[in-house]
Every structure is written in C-alpha cells, then in structure tokens.
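Q: Structure file run.txt (compact mmCIF, C-alpha atoms and all ligand atoms) is given on the next line.
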```txt
# COMPACT_ATOMS: atom_id res chain seq x y z
CA MET R 212 20.94 -3.40 3.18
CA GLU R 213 17.97 -4.49 1.10
CA VAL R 214 17.17 -0.82 0.59
CA VAL R 215 20.58 -0.18 -0.90
CA VAL R 216 20.12 -3.07 -3.30
CA VAL R 217 16.76 -1.72 -4.37
CA MET R 218 18.06 1.82 -4.79
CA CYS R 219 20.71 0.45 -7.16
CA LEU R 220 18.09 -1.56 -8.96
CA VAL R 221 15.79 1.45 -9.23
CA ALA R 222 18.65 3.62 -10.47
CA ALA R 223 19.53 1.01 -13.09
CA VAL R 224 15.92 0.61 -14.16
CA LEU R 225 15.24 4.34 -14.34
CA ASP R 226 18.33 5.03 -16.39
CA GLY R 227 17.47 3.83 -19.89
CA ARG R 228 21.09 3.74 -21.02
CA ALA R 229 22.12 1.61 -18.08
CA MET R 230 19.24 -0.74 -18.80
CA GLY R 231 20.37 -1.05 -22.43
CA ASP R 232 23.84 -2.04 -21.26
CA LEU R 233 22.73 -4.72 -18.82
CA PRO R 234 23.17 -8.29 -19.93
CA PRO R 235 19.88 -10.18 -20.16
CA PRO R 236 18.81 -11.82 -16.88
CA HIS R 237 19.69 -15.49 -16.41
CA ALA R 238 16.08 -16.37 -15.80
CA SER R 239 12.64 -14.85 -15.77
CA TYR R 240 11.37 -14.48 -12.21
CA LYS R 241 7.92 -14.09 -10.77
CA ILE R 242 7.80 -10.96 -8.65
CA LEU R 243 4.94 -9.80 -6.46
CA MET R 244 4.78 -6.11 -5.55
CA LEU R 245 2.58 -5.22 -2.59
CA LEU R 246 1.31 -1.69 -1.93
CA PRO R 247 -1.95 -2.38 -0.13
CA ALA R 248 -2.04 0.85 1.89
CA SER R 249 -0.78 3.43 -0.55
CA SER R 250 -1.62 6.71 -2.18
CA MET R 251 -1.09 7.24 -5.90
CA SER R 252 2.30 8.78 -5.06
CA HIS R 253 3.50 5.42 -3.72
CA LYS R 254 2.31 3.70 -6.87
CA ASN R 255 3.93 6.31 -9.11
CA VAL R 256 7.27 5.56 -7.48
CA LEU R 257 7.00 1.78 -7.77
CA ALA R 258 5.42 1.65 -11.25
CA PRO R 259 8.67 2.40 -13.17
CA LEU R 260 10.40 -0.34 -11.18
CA ALA R 261 7.64 -2.78 -12.17
CA GLU R 262 7.91 -1.72 -15.81
CA GLY R 263 11.69 -2.02 -15.80
CA LEU R 264 11.51 -5.51 -14.34
CA ALA R 265 8.79 -6.53 -16.82
CA GLU R 266 10.80 -5.24 -19.77
CA ARG R 267 13.69 -7.40 -18.61
CA GLY R 268 11.41 -10.39 -19.00
CA HIS R 269 10.23 -10.84 -15.41
CA GLU R 270 6.60 -11.47 -14.62
CA VAL R 271 5.25 -8.86 -12.22
CA VAL R 272 2.03 -8.88 -10.22
CA MET R 273 1.21 -5.64 -8.40
CA LEU R 274 -1.41 -5.38 -5.67
CA SER R 275 -2.64 -1.92 -4.71
CA CYS R 276 -5.77 0.02 -3.87
CA GLN R 277 -5.13 2.54 -6.67
CA ARG R 278 -6.49 2.47 -10.19
CA ASN R 279 -4.62 0.47 -12.81
CA ILE R 280 -2.01 2.51 -14.65
CA LEU R 281 0.32 -0.09 -16.11
CA HIS R 282 -0.37 -1.52 -19.52
CA HIS R 283 2.46 -3.93 -19.94
CA PRO R 284 1.90 -7.51 -21.07
CA ASN R 285 4.21 -8.84 -18.34
CA ILE R 286 2.48 -6.93 -15.53
CA THR R 287 -0.79 -7.93 -13.88
CA GLU R 288 -2.36 -5.32 -11.64
CA ILE R 289 -4.72 -6.44 -8.91
CA ARG R 290 -6.78 -3.72 -7.32
CA TYR R 291 -8.92 -4.04 -4.23
CA ASP R 292 -11.19 -1.36 -2.88
CA PRO R 293 -10.56 -0.14 0.66
CA VAL R 294 -13.22 1.86 2.48
CA ARG R 295 -11.93 5.41 2.52
CA HIS R 296 -12.56 6.69 6.06
CA ASP R 297 -10.02 9.39 5.54
CA LYS R 298 -11.66 11.23 2.63
CA PRO R 299 -12.22 14.89 3.53
CA THR R 300 -15.29 16.11 1.69
CA THR R 301 -14.60 19.75 0.82
CA VAL R 302 -11.51 21.57 -0.40
CA ALA R 303 -11.42 23.59 2.84
CA SER R 304 -11.54 20.48 5.00
CA LYS R 305 -8.81 18.98 2.85
CA PHE R 306 -6.50 21.89 3.67
CA ASN R 307 -7.39 21.83 7.36
CA TYR R 308 -6.77 18.12 7.42
CA ARG R 309 -3.35 18.52 5.84
CA ASN R 310 -2.37 21.46 8.05
CA ASN R 311 -3.10 19.45 11.12
CA LEU R 312 -0.32 16.89 10.89
CA ALA R 313 -0.98 15.48 14.36
CA GLY R 314 -4.64 14.97 13.46
CA ALA R 315 -3.84 13.30 10.15
CA PHE R 316 -1.27 11.10 11.86
CA ALA R 317 -3.68 10.16 14.64
CA GLN R 318 -6.27 9.17 12.04
CA LEU R 319 -3.94 6.49 10.74
CA LYS R 320 -4.75 4.36 13.76
CA GLU R 321 -8.34 4.26 12.48
CA ILE R 322 -7.59 4.15 8.75
CA LEU R 323 -4.92 1.45 8.63
CA PRO R 324 -6.87 -1.23 10.56
CA ALA R 325 -9.92 -0.45 8.39
CA VAL R 326 -7.82 -0.88 5.24
CA ALA R 327 -6.41 -4.16 6.63
CA ARG R 328 -9.95 -5.39 7.23
CA GLU R 329 -10.99 -4.69 3.63
CA LEU R 330 -7.74 -6.07 2.27
CA TYR R 331 -8.12 -9.52 3.76
CA LYS R 332 -11.83 -9.61 2.98
CA ALA R 333 -11.17 -9.28 -0.77
CA PRO R 334 -11.22 -12.72 -2.46
CA SER R 335 -8.61 -11.61 -5.02
CA VAL R 336 -6.25 -10.69 -2.18
CA MET R 337 -6.74 -13.97 -0.33
CA GLN R 338 -6.12 -15.89 -3.55
CA LEU R 339 -2.86 -14.03 -3.92
CA TYR R 340 -2.01 -14.66 -0.27
CA HIS R 341 -2.42 -18.41 -0.75
CA ARG R 342 -0.28 -18.28 -3.92
CA ARG R 343 2.45 -16.15 -2.36
CA LYS R 344 5.05 -18.94 -2.24
CA GLU R 345 4.81 -19.29 -6.05
CA PHE R 346 6.70 -16.00 -6.35
CA ASP R 347 10.47 -15.82 -6.43
CA LEU R 348 10.47 -12.44 -4.73
CA ILE R 349 8.05 -10.10 -2.97
CA ILE R 350 8.66 -6.35 -3.05
CA LEU R 351 6.91 -4.49 -0.27
CA ASP R 352 6.11 -0.81 -0.01
CA HIS R 353 7.63 -0.05 3.40
CA MET R 354 5.64 2.92 4.72
CA PHE R 355 2.32 2.07 6.45
CA ASN R 356 2.18 -1.48 5.04
CA GLU R 357 2.73 -3.69 8.07
CA MET R 358 -0.60 -5.25 7.14
CA ALA R 359 1.20 -7.03 4.29
CA TYR R 360 3.73 -8.75 6.57
CA PRO R 361 1.79 -12.05 6.52
CA PHE R 362 2.57 -12.26 2.79
CA VAL R 363 6.32 -12.13 3.34
CA HIS R 364 6.49 -14.72 6.08
CA GLU R 365 9.06 -17.38 5.02
CA VAL R 366 9.58 -15.92 1.53
CA PRO R 367 12.39 -13.78 0.06
CA PHE R 368 11.39 -10.13 0.12
CA ILE R 369 12.68 -6.59 -0.30
CA THR R 370 11.16 -3.48 1.22
CA VAL R 371 11.31 -0.16 -0.62
CA ALA R 372 11.49 2.77 1.80
CA THR R 373 11.52 6.00 -0.19
CA PRO R 374 11.17 8.42 2.78
CA GLY R 375 14.28 6.91 4.39
CA MET R 376 14.88 3.98 6.65
CA ASP R 377 12.21 3.63 9.30
CA ALA R 378 14.15 2.38 12.33
CA ARG R 379 11.03 0.90 13.88
CA GLN R 380 10.16 -1.37 10.97
CA SER R 381 13.82 -2.13 10.37
CA ALA R 382 14.02 -3.45 13.96
CA VAL R 383 10.88 -5.54 13.48
CA LEU R 384 12.46 -7.09 10.37
CA GLY R 385 15.56 -8.03 12.34
CA ASN R 386 17.89 -5.09 11.71
CA VAL R 387 18.04 -2.91 14.82
CA LEU R 388 19.52 0.54 14.11
CA SER R 389 21.29 2.49 16.83
CA PRO R 390 19.60 5.78 17.82
CA SER R 391 23.03 7.16 18.62
CA TYR R 392 23.65 7.75 14.92
CA VAL R 393 20.46 6.88 12.95
CA PRO R 394 17.95 9.76 13.00
CA ASN R 395 14.26 8.96 13.17
CA LEU R 396 11.95 9.64 10.24
CA TRP R 397 10.06 12.44 11.94
CA LYS R 398 12.79 14.76 13.06
CA GLY R 399 16.19 15.42 11.51
CA TYR R 400 19.31 16.52 13.37
CA PRO R 401 22.68 17.88 12.25
CA LEU R 402 25.18 15.03 11.95
CA PRO R 403 27.11 13.84 13.84
CA LEU R 404 24.50 13.91 16.60
CA SER R 405 25.35 15.86 19.75
CA LEU R 406 24.70 14.30 23.15
CA ARG R 407 21.44 16.24 23.48
CA HIS R 408 20.28 15.15 20.03
CA ARG R 409 21.20 11.55 20.76
CA LEU R 410 19.07 11.59 23.87
CA GLU R 411 16.22 13.29 22.05
CA ASN R 412 16.54 10.90 19.11
CA THR R 413 16.53 7.89 21.46
CA ALA R 414 13.33 9.20 23.06
CA TRP R 415 11.75 9.50 19.59
CA HIS R 416 12.82 5.98 18.63
CA LEU R 417 11.27 4.61 21.83
CA PHE R 418 8.13 6.71 21.66
CA ILE R 419 7.34 5.91 18.01
CA SER R 420 7.95 2.20 18.54
CA PHE R 421 5.79 2.16 21.61
CA TYR R 422 2.97 4.19 20.06
CA TRP R 423 2.89 2.48 16.69
CA ARG R 424 3.86 -1.07 17.41
CA TRP R 425 2.61 -1.68 20.94
CA TRP R 426 -0.12 0.83 21.55
CA ALA R 427 -2.13 2.36 18.74
CA VAL R 428 -1.65 0.86 15.31
CA VAL R 429 -0.06 -2.56 14.87
CA PRO R 430 -2.16 -4.37 17.55
CA ARG R 431 -5.31 -3.21 15.74
CA ILE R 432 -3.98 -4.31 12.37
CA GLN R 433 -2.98 -7.64 13.87
CA GLU R 434 -6.50 -8.05 15.21
CA GLU R 435 -7.89 -7.60 11.68
CA VAL R 436 -5.39 -9.95 10.08
CA ARG R 437 -5.57 -12.70 12.70
CA GLY R 438 -8.84 -14.23 11.53
CA HIS R 439 -7.70 -14.52 7.92
CA CYS R 440 -4.10 -15.65 7.98
CA THR R 441 -4.63 -18.49 10.42
CA ALA R 442 -1.57 -20.43 9.34
CA LEU R 443 0.61 -17.55 10.48
CA TYR R 444 -1.10 -16.86 13.79
CA ARG R 445 -1.49 -20.48 14.89
CA PRO R 446 -0.66 -20.65 18.60
CA VAL R 447 2.73 -22.30 19.14
C1 LIG Z 501 7.86 -10.12 -21.38
O1 LIG Z 501 8.67 -11.18 -20.88
C2 LIG Z 501 9.23 -12.02 -21.86
C3 LIG Z 501 9.97 -13.17 -21.17
O2 LIG Z 501 9.20 -13.74 -20.17
C4 LIG Z 501 10.17 -11.21 -22.74
O3 LIG Z 501 10.71 -12.04 -23.75
C5 LIG Z 501 9.38 -10.05 -23.37
O4 LIG Z 501 10.28 -9.21 -24.08
C6 LIG Z 501 8.68 -9.22 -22.30
N1 LIG Z 501 7.77 -8.30 -22.96
C7 LIG Z 501 7.98 -6.98 -23.02
C8 LIG Z 501 6.96 -6.22 -23.81
O5 LIG Z 501 8.87 -6.41 -22.47
```
What do you get writing this file as structure tokens?
Ligand SMILES: *[C@@H]1O[C@H](CO)[C@@H](O)[C@H](O)[C@H]1NC(C)=O
A:
Amino acid sequence: MEVVVVMCLVAAVLDGRAMGDLPPPHASYKILMLLPASSMSHKNVLAPLAEGLAERGHEVVMLSCQRNILHHPNITEIRYDPVRHDKPTTVASKFNYRNNLAGAFAQLKEILPAVARELYKAPSVMQLYHRRKEFDLIILDHMFNEMAYPFVHEVPFITVATPGMDARQSAVLGNVLSPSYVPNLWKGYPLPLSLRHRLENTAWHLFISFYWRWWAVVPRIQEEVRGHCTALYRPV
C-alpha cells in the first residue's frame, strides 16, 4: 500500500505540469530519506523525489554512502563512507563478477554486515539516529537496507521498492503476501500462476526468507547493529 502511495507521489513529483497544478502543502514537513546501502542508481532514483519534496517547501535530509549530488537549499545530504569489500579491481574482474550472479549475490552476506558496521560507527549517522523522532516521515530505500530498520522503529515511514514488492521484507513489515498469486523478485511466472508455478513460487518465497532473514544475512546485520541501537534491542 505504501508503495502505491509513493508511486503516485513520485509520478506527481516527476511530472512538472502536475507539480505546477498541485495546491501548496498545508505545512512544511521534515523528511528523512535513508539509503545507507545503495549504489548511485538507487540515489539517482530517489534524488528527484527529494528535490520535488524540497521544492514544495519540505525540509529533506538524505543519508547515503554516495557522493553528494543535490544542491538544493532545502536538502541536506549526509554521506558516510562504507568500506568497499565488493570493489573488483580490474575491468575483467568486474565483468566476471557481474556474470556470476550467484557469486555476486553470495557476496552480499559479507558486504551488507560490513556496511552496517561502518554505518553505525559513523558519528554523523548516530547523531541522525538519535534525532530520528524529530522527523515527520522517514523514506527508506527498500532493497538491501534492512540495516536501517532501527531508524524506523515507532516512527511513520514509507519504503520505496523500485524493483517490485519484495514479499520477504513486506512480511517483516507486517504485510504478508500470498505466494499463490504474488511472484517473488527473482523469478517471474506467467499470470495467473499455474499449480506448478504456485508450488515453485512458494518454495522460492520460503527459501529466500530462510536464507536471507534466518540464515545468511539479517542475523549478521543484527549482530552489527545490536551494540549501537541499544534502546531497540533491550531484552524484554
Ligand atoms: C524551501 O522551503 C521553503 C519553505 O520551508 C519554501 O518557501 C522555499 O520555496 C523552498 N525553496 C526552494 C528553492 O524550493
């Protein structure tokens, strides 16, 4: 649901004419955009949204690991520097790395916890974390950014999922999607799903959730975050 709202917002923001026609907002809001684990392509998608919101008089703070590209008086960019374990050194290794999707995917279980470690070590990030309740809204880059979940605990937030809805994260955020009609992000099927595709799709849903959330990735990220966001991980 939140994705639909954002898509409409993005469409309105990207369409200059539509923006011209919108009545001015009732109030100026403070909006925090979080893209801690992101490539430049993620930032390029979210930057026009930030600019559109800023032009409408909202105050936007954007956290990412990419260089600053926004020069708008109502936008503050905060950049932290993650250690890049993933950087292939030569052009040839870059191509090999990209051809080997399984290898690149498997590396994420090393890269993402390392990025989480650097993220919560950065004083500018921790300052922002402690100020997070000052914002009226947090906008979260959906893909690969579970490490930012501590920021959105008990605050209004929207996730932007440009590759499509990730059923695994959707379930974690309280909206469980049925594998009988929602394809997974990794493999598409002709719709409506046949019985065989439903079974296959269900197996993918279960496998990805198990691998990512319970086995390889999220537990390691949680381990990195635990020491820093103590309020959130206090034993109950
Ligand atoms: C910045 O926000 C203010 C309101 O907070 C608005 O009046 C102004 O037009 C915005 N600046 C730009 C350059 O869009």
Q: Which residues are near ligand LIG 501 (chain Z) in this structure, taking near to mean any atom at most 7 Å from a ligand atom and counting all atoms listed in the file? Format them as JSON, numbers by chain.
A: {"R": [239, 265, 266, 267, 268, 269, 270, 283, 284, 285]}
Q: Between R:Val371, R:Tyr240, R:Leu348, R:Asn386, which has the minimum distance to Val256 in chain R (counting only C-alpha atoms)?
A: R:Val371
Q: Which one is closest to Arg342 in chain R: R:Ala325, R:Leu417, R:Trp426, R:Val366? Count only C-alpha atoms.
A: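 Selected residue with least distance to Arg342 in chain R: R:Val366.
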Q: Identify which of the residues R:Phe362, R:Lys254, R:Leu406, R:Ser420 lies closest to Glu345 in chain R, counting only C-alpha atoms when measuring atom-to-atom distances.
A: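 Going through R:Phe362, R:Lys254, R:Leu406, R:Ser420 one by one, the smallest distance to Glu345 in chain R is for R:Phe362.
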Q: Between CA of Glu288 in chain R and CA of Pro236 in chain R, what is the spacing in Å?
A: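 Separation between CA of Pro236 in chain R and CA of Glu288 in chain R: 22.8 Å.
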Q: Here is a test: counting all atoms listed in the file, which residue of R:Val272, R:Ala327, R:Ile369, R:Ala238 is nearest to Gly438 in chain R?
A: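 Of the candidates, the smallest distance to Gly438 in chain R is held by R:Ala327.
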Q: So that I can see what lies close to Leu410 in chain R, please list as an NGL selection string the residues with an atom at most 12 Å from it, counting only C-alpha atoms and leaving out residues fewer than 3 positions away in the same chain.
A: :R and (389-394 or 400 or 404-407 or 413-417)
Q: Please list, as a PyMOL selection string, the residues that have an atom at most 10 Å away from (-7.5, -9.0, 11.9) in the coordinates of this file, counting only C-alpha atoms.
A: chain R and resi 324-325+327-329+331-332+358+430-440
Q: Could you state the separation of CA of Leu396 in chain R and CA of Arg379 in chain R in Å, given to one decimal place?
A: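 Those two atoms sit 9.5 Å apart.
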Q: Go through R:Leu339, R:Leu233, R:Ile289, R:Ile350 one by one, measure the shortest atom-to-atom distance of each to Leu260 in chain R using all atoms listed in the file, and give the residue with the smallest value.
A: R:Ile350
Q: So that I can check the surroundings of Glu357 in chain R, please list as a count of residues only every protein, DNA and RNA residue that reaches within 9 Å of it, counting all atoms listed in the file and ignoring chain neighbours fewer than 2 positions away.
A: 9
Q: What is the CA of Val326 in chain R to CA of Pro247 in chain R distance in Å?
A: 8.1 Å
Q: What would range 353-365 of chain R look like with N, CA, C and O atoms in place, written as a compact mmCIF listing (two decimals), in the coordinates of the input?
A:
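Contents of part32.txt, freshly written:
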```txt
# COMPACT_ATOMS: atom_id res chain seq x y z
N HIS R 353 7.26 0.00 1.98
CA HIS R 353 7.63 -0.05 3.40
C HIS R 353 6.66 0.75 4.28
O HIS R 353 6.19 0.26 5.31
N MET R 354 6.36 1.97 3.85
CA MET R 354 5.64 2.92 4.72
C MET R 354 4.17 2.51 4.88
O MET R 354 3.45 2.37 3.89
N PHE R 355 3.72 2.33 6.09
CA PHE R 355 2.32 2.07 6.45
C PHE R 355 1.81 0.70 5.99
O PHE R 355 0.61 0.48 5.94
N ASN R 356 2.69 -0.23 5.60
CA ASN R 356 2.18 -1.48 5.04
C ASN R 356 2.50 -2.71 5.88
O ASN R 356 2.66 -3.80 5.35
N GLU R 357 2.52 -2.52 7.19
CA GLU R 357 2.73 -3.69 8.07
C GLU R 357 1.65 -4.73 7.83
O GLU R 357 1.85 -5.92 8.09
N MET R 358 0.49 -4.30 7.37
CA MET R 358 -0.60 -5.25 7.14
C MET R 358 -0.24 -6.30 6.09
O MET R 358 -0.89 -7.33 6.02
N ALA R 359 0.80 -6.05 5.31
CA ALA R 359 1.20 -7.03 4.29
C ALA R 359 2.26 -8.00 4.80
O ALA R 359 2.67 -8.91 4.08
N TYR R 360 2.70 -7.84 6.04
CA TYR R 360 3.73 -8.75 6.57
C TYR R 360 3.37 -10.23 6.46
O TYR R 360 4.25 -11.05 6.21
N PRO R 361 2.08 -10.61 6.66
CA PRO R 361 1.79 -12.05 6.52
C PRO R 361 2.19 -12.61 5.16
O PRO R 361 2.57 -13.77 5.05
N PHE R 362 2.18 -11.80 4.12
CA PHE R 362 2.57 -12.26 2.79
C PHE R 362 4.06 -12.63 2.73
O PHE R 362 4.45 -13.49 1.95
N VAL R 363 4.88 -11.93 3.51
CA VAL R 363 6.32 -12.13 3.34
C VAL R 363 6.91 -13.10 4.37
O VAL R 363 8.11 -13.27 4.45
N HIS R 364 6.02 -13.73 5.12
CA HIS R 364 6.49 -14.72 6.08
C HIS R 364 7.08 -15.92 5.34
O HIS R 364 6.43 -16.51 4.49
N GLU R 365 8.35 -16.23 5.61
CA GLU R 365 9.06 -17.38 5.02
C GLU R 365 9.25 -17.27 3.52
O GLU R 365 9.34 -18.29 2.84
```
